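The block underneath contains the structure these notes are about, expressed in structure tokens.
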Amino acid sequence: MNLTAVSGFYAKYKVWVGVVVALALIFLAPAVMSAYNIGLLSKYLCYTMVAVGIGLAWGQGGMLTLGQGMFFGLGAYVMAIHMKLADIAPGTVPDFMAQYGIDKVPGFWEVFRNPVVAVIGVMAVPGIVAVILGLLVFGRGVRGAYFAILSQALVAAFAVLLIGQSKTTGGTNGLSDFKGFFGYDLTDPANKEMIYYICAILVLAMVLITYWIRHSFMGELIIGVRDQENRMKFLGYNPASIKVFAFAMAAMFAGIGGAMFVPVVGIISPSDIGVTPSIVMLAGVVIGGRTTLLGPVIGTLLVRFAETQLSEAYPSAWTYLEGLMFILVIAFAPRGLGQLKDLWPWIADKIGLNRAATTAGAVSADAVSGTSAASTITTKAVNA
């Protein structure tokens, strides 16, 4: 099989090839990585879920979302509440509530005692909040920098709210000391590996959903609103509804990432969802390339891995080194590492793949031209 045939096969089945490669990497990782590194990778994958949503909302829809930590936190606290309730006996309250003299679990906690409701709530709560905010914001024509600032203000207010409601949210300490995850012991290494698989499969599913949206009519509408909002209004479409769809999808992805963060890390607190964490979530998308499908995934993994390695090697200077990495990428690859895909056409031209494709295209073009000419002649003959 020559290189041209391989290139043609890949172009035709690249999605399935990507899925197979991704699944192979997912199941190979536990065999070559330690349990500690698998735990770190699981944590990185939780942030990657947020990044996939940002890539859809910002890269595809042009909405700079600086407050995804709020939706990450909503999903995380829903899951944390359920896990807390599952760890205690019915009729009792968590230890931190007992310290405040509370003898009955709040009503909004009881809603998520049921595991099915909790799983639905992980997606529904961030999604509903995003729809309400989106209708209020986009319906009034707020966009650009104003939307970015507003989203950042919302996540800051949400963090303050969590700290202020310490009797029911744990305050600055958050919620922690979880023992089980839907009946599975979190101290069992096998269950930790299972959680890694869940995180990895969820990321893959989100990437495929994003791919489907990007290549659907809705994807074209999202791009149309991003580039020519007034023209889309003239054509009869409601830009606010289209923006709300992309914004809500990003919120649900973030909520799922937050929910999986809880069993992986074992704690959720306001410090995990504030302004700074939200900006770091966005940084991975910038590094990877917001307009590409896999750029947010790769960029987030690289940023989180670099953050861990640099903080261990240079405890007092790692933030400067990470900042330098951002500057270098933005200076020399302003569209992120995803623009490196442009190297493939150059490589293909050097090894002769483009010449073969050009020849085939020329033959097809000649055939089409011949057909068009024949149609023209036939039309003239009929008219005569």
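Residue numbering restarts at 1 in every chain; chains get A, B, ... in the order shown in the structure tokens, and ligands count up from 1 in that same order.
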Inset, instruction - Using DSSP on the backbone, list every residue of segment 2-164 of chain A that comes out as alpha helix (DSSP H), and give them as a ChimeraX atom specification. - result: /A:3-32,35-54,68-87,95-99,107-110,115-138,145-164
Determine, using only C-alpha atoms, which residues of segment 145-228 of chain A have any atom at most 12 Å from an atom of segment 115-131 of chain A, and tabulate each with its shortest atom pair and distance in Å to one decimal place, rows ordered by chain and then rising number, as CSV.
residue,atom,partner,partner_atom,distance
A:Ser151,CA,A:Ala130,CA,10.6
A:Leu154,CA,A:Ala130,CA,11.3
A:Phe181,CA,A:Pro115,CA,10.0
A:Phe182,CA,A:Pro115,CA,7.3
A:Gly183,CA,A:Pro115,CA,10.1
Legend entry - Spatial neighbours of Met260 of chain A, max dist 10 Å, only C-alpha atoms, sep filter under 3 positions, as a ChimeraX atom specification: /A:42-43,45-47,49,72,75-76,79-80,122,195-196,198-199,202,255-257,263-266
Inset, instruction - Between A:Tyr184, A:Phe178, A:Phe234, A:Phe253, single out the one closest to Ala205 of chain A, counting only C-alpha atoms. - result: A:Phe253
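Among A:Thr169, A:Ile163, A:Thr48, A:Val207, the residue with the shortest atom-to-atom distance to Ala22 of chain A, counting only C-alpha atoms, is A:Val207.
The gap separating atom CA of Gly61 of chain A from atom CA of Arg226 of chain A is 5.3 Å, in Å to one decimal.
Counting only C-alpha atoms, the residue from A:Leu41, A:Leu150, A:Ile330, A:Val286 that sits nearest to Trp58 of chain A is A:Val286.
Closest to Val160 of chain A among A:Leu282, A:Ala148, A:Val275, A:Asn238 is A:Val275, based on only C-alpha atoms.
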Legend entry - Spatial neighbours of Gly18 of chain A, max dist 12 Å, only C-alpha atoms, sep filter under 3 positions, as an MDAnalysis selection string: chainID A and resid 10:15 21:25 204 207:208 211 293:294
Taking a cut-off of 12 Å and counting only C-alpha atoms, can you build a table that, for each residue of segment 142-254 of chain A near segment 88-91 of chain A, reports the nearest atom pair and how far apart they are in Å (one decimal), sorted by chain then residue number, as JSON lines?
{"residue": "A:Asp177", "atom": "CA", "partner": "A:Ile88", "partner_atom": "CA", "distance": 11.4}
{"residue": "A:Phe178", "atom": "CA", "partner": "A:Ile88", "partner_atom": "CA", "distance": 10.1}
{"residue": "A:Lys179", "atom": "CA", "partner": "A:Ile88", "partner_atom": "CA", "distance": 9.8}
{"residue": "A:Gly180", "atom": "CA", "partner": "A:Ile88", "partner_atom": "CA", "distance": 10.6}
Include C-alpha atoms and write out the residues we just selected as an mmCIF file, in the first residue's frame.
data_model
loop_
_atom_site.group_PDB
_atom_site.id
_atom_site.type_symbol
_atom_site.label_atom_id
_atom_site.label_comp_id
_atom_site.auth_asym_id
_atom_site.auth_seq_id
_atom_site.Cartn_x
_atom_site.Cartn_y
_atom_site.Cartn_z
ATOM 1 C CA ASP A 177 -13.445 13.211 53.224
ATOM 2 C CA PHE A 178 -15.500 11.165 50.796
ATOM 3 C CA LYS A 179 -15.487 7.412 51.320
ATOM 4 C CA GLY A 180 -17.378 6.008 48.358
#
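Take the candidates A:Gly224, A:Val111, A:Ala29, A:Leu56 and check each one against Trp212 of chain A using only C-alpha atoms; the shortest distance goes to A:Leu56.
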Legend entry - Members of segment 128-219 of chain A assigned strand (DSSP E or B) by DSSP, as a PyMOL selection string: chain A and resi 175-176+180-181+184-185
Inset, instruction - Find the residues around Ser278 of chain A up to 7 Å (only C-alpha atoms counted), leave out those fewer than 3 positions away in its own chain, and share them as a list in words. - result: Leu66, Gly67, Gln68, Gly69, Ile273, Gly274, Val275, Met281 and Leu282 of chain A
Preceding selection exported with N, CA, C and O atoms as a PDB file, in the first residue's frame:
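To be explicit, this is the file written out as again.pdb:
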ATOM      1  N   LEU A  66     -14.856  33.494  30.535  1.00  0.00           N
ATOM      2  CA  LEU A  66     -13.859  33.568  31.597  1.00  0.00           C
ATOM      3  C   LEU A  66     -14.386  33.035  32.927  1.00  0.00           C
ATOM      4  O   LEU A  66     -13.675  33.096  33.926  1.00  0.00           O
ATOM      5  N   GLY A  67     -15.602  32.523  32.932  1.00  0.00           N
ATOM      6  CA  GLY A  67     -16.195  32.076  34.192  1.00  0.00           C
ATOM      7  C   GLY A  67     -16.648  30.641  34.201  1.00  0.00           C
ATOM      8  O   GLY A  67     -17.621  30.301  34.896  1.00  0.00           O
ATOM      9  N   GLN A  68     -15.971  29.754  33.465  1.00  0.00           N
ATOM     10  CA  GLN A  68     -16.397  28.358  33.439  1.00  0.00           C
ATOM     11  C   GLN A  68     -16.217  27.672  34.786  1.00  0.00           C
ATOM     12  O   GLN A  68     -16.782  26.615  35.023  1.00  0.00           O
ATOM     13  N   GLY A  69     -15.438  28.296  35.677  1.00  0.00           N
ATOM     14  CA  GLY A  69     -15.286  27.722  37.009  1.00  0.00           C
ATOM     15  C   GLY A  69     -16.610  27.643  37.753  1.00  0.00           C
ATOM     16  O   GLY A  69     -16.798  26.766  38.611  1.00  0.00           O
ATOM     17  N   ILE A 273     -12.583  26.859  42.102  1.00  0.00           N
ATOM     18  CA  ILE A 273     -13.527  27.311  41.077  1.00  0.00           C
ATOM     19  C   ILE A 273     -13.557  28.826  40.927  1.00  0.00           C
ATOM     20  O   ILE A 273     -14.437  29.348  40.249  1.00  0.00           O
ATOM     21  N   GLY A 274     -12.623  29.541  41.535  1.00  0.00           N
ATOM     22  CA  GLY A 274     -12.639  30.994  41.489  1.00  0.00           C
ATOM     23  C   GLY A 274     -12.163  31.562  40.163  1.00  0.00           C
ATOM     24  O   GLY A 274     -12.089  30.873  39.140  1.00  0.00           O
ATOM     25  N   VAL A 275     -11.796  32.832  40.200  1.00  0.00           N
ATOM     26  CA  VAL A 275     -11.366  33.539  38.989  1.00  0.00           C
ATOM     27  C   VAL A 275     -10.076  32.962  38.439  1.00  0.00           C
ATOM     28  O   VAL A 275      -9.964  32.693  37.235  1.00  0.00           O
ATOM     29  N   MET A 281      -8.108  27.414  33.258  1.00  0.00           N
ATOM     30  CA  MET A 281      -8.890  26.535  32.375  1.00  0.00           C
ATOM     31  C   MET A 281      -8.883  27.066  30.950  1.00  0.00           C
ATOM     32  O   MET A 281      -8.818  26.301  29.986  1.00  0.00           O
ATOM     33  N   LEU A 282      -8.938  28.388  30.823  1.00  0.00           N
ATOM     34  CA  LEU A 282      -8.915  29.001  29.498  1.00  0.00           C
ATOM     35  C   LEU A 282      -7.533  28.949  28.868  1.00  0.00           C
ATOM     36  O   LEU A 282      -7.399  28.852  27.641  1.00  0.00           O
TER      37      LEU A 282
END
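The smallest atom-to-atom distance between Ala306 of chain A and any of A:Ala159, A:Ile132, A:Leu40, A:Ile54, using only C-alpha atoms, is found for A:Leu40.
Atom CA of Gln60 of chain A is positioned 6.0 Å from atom CA of Ile223 of chain A.
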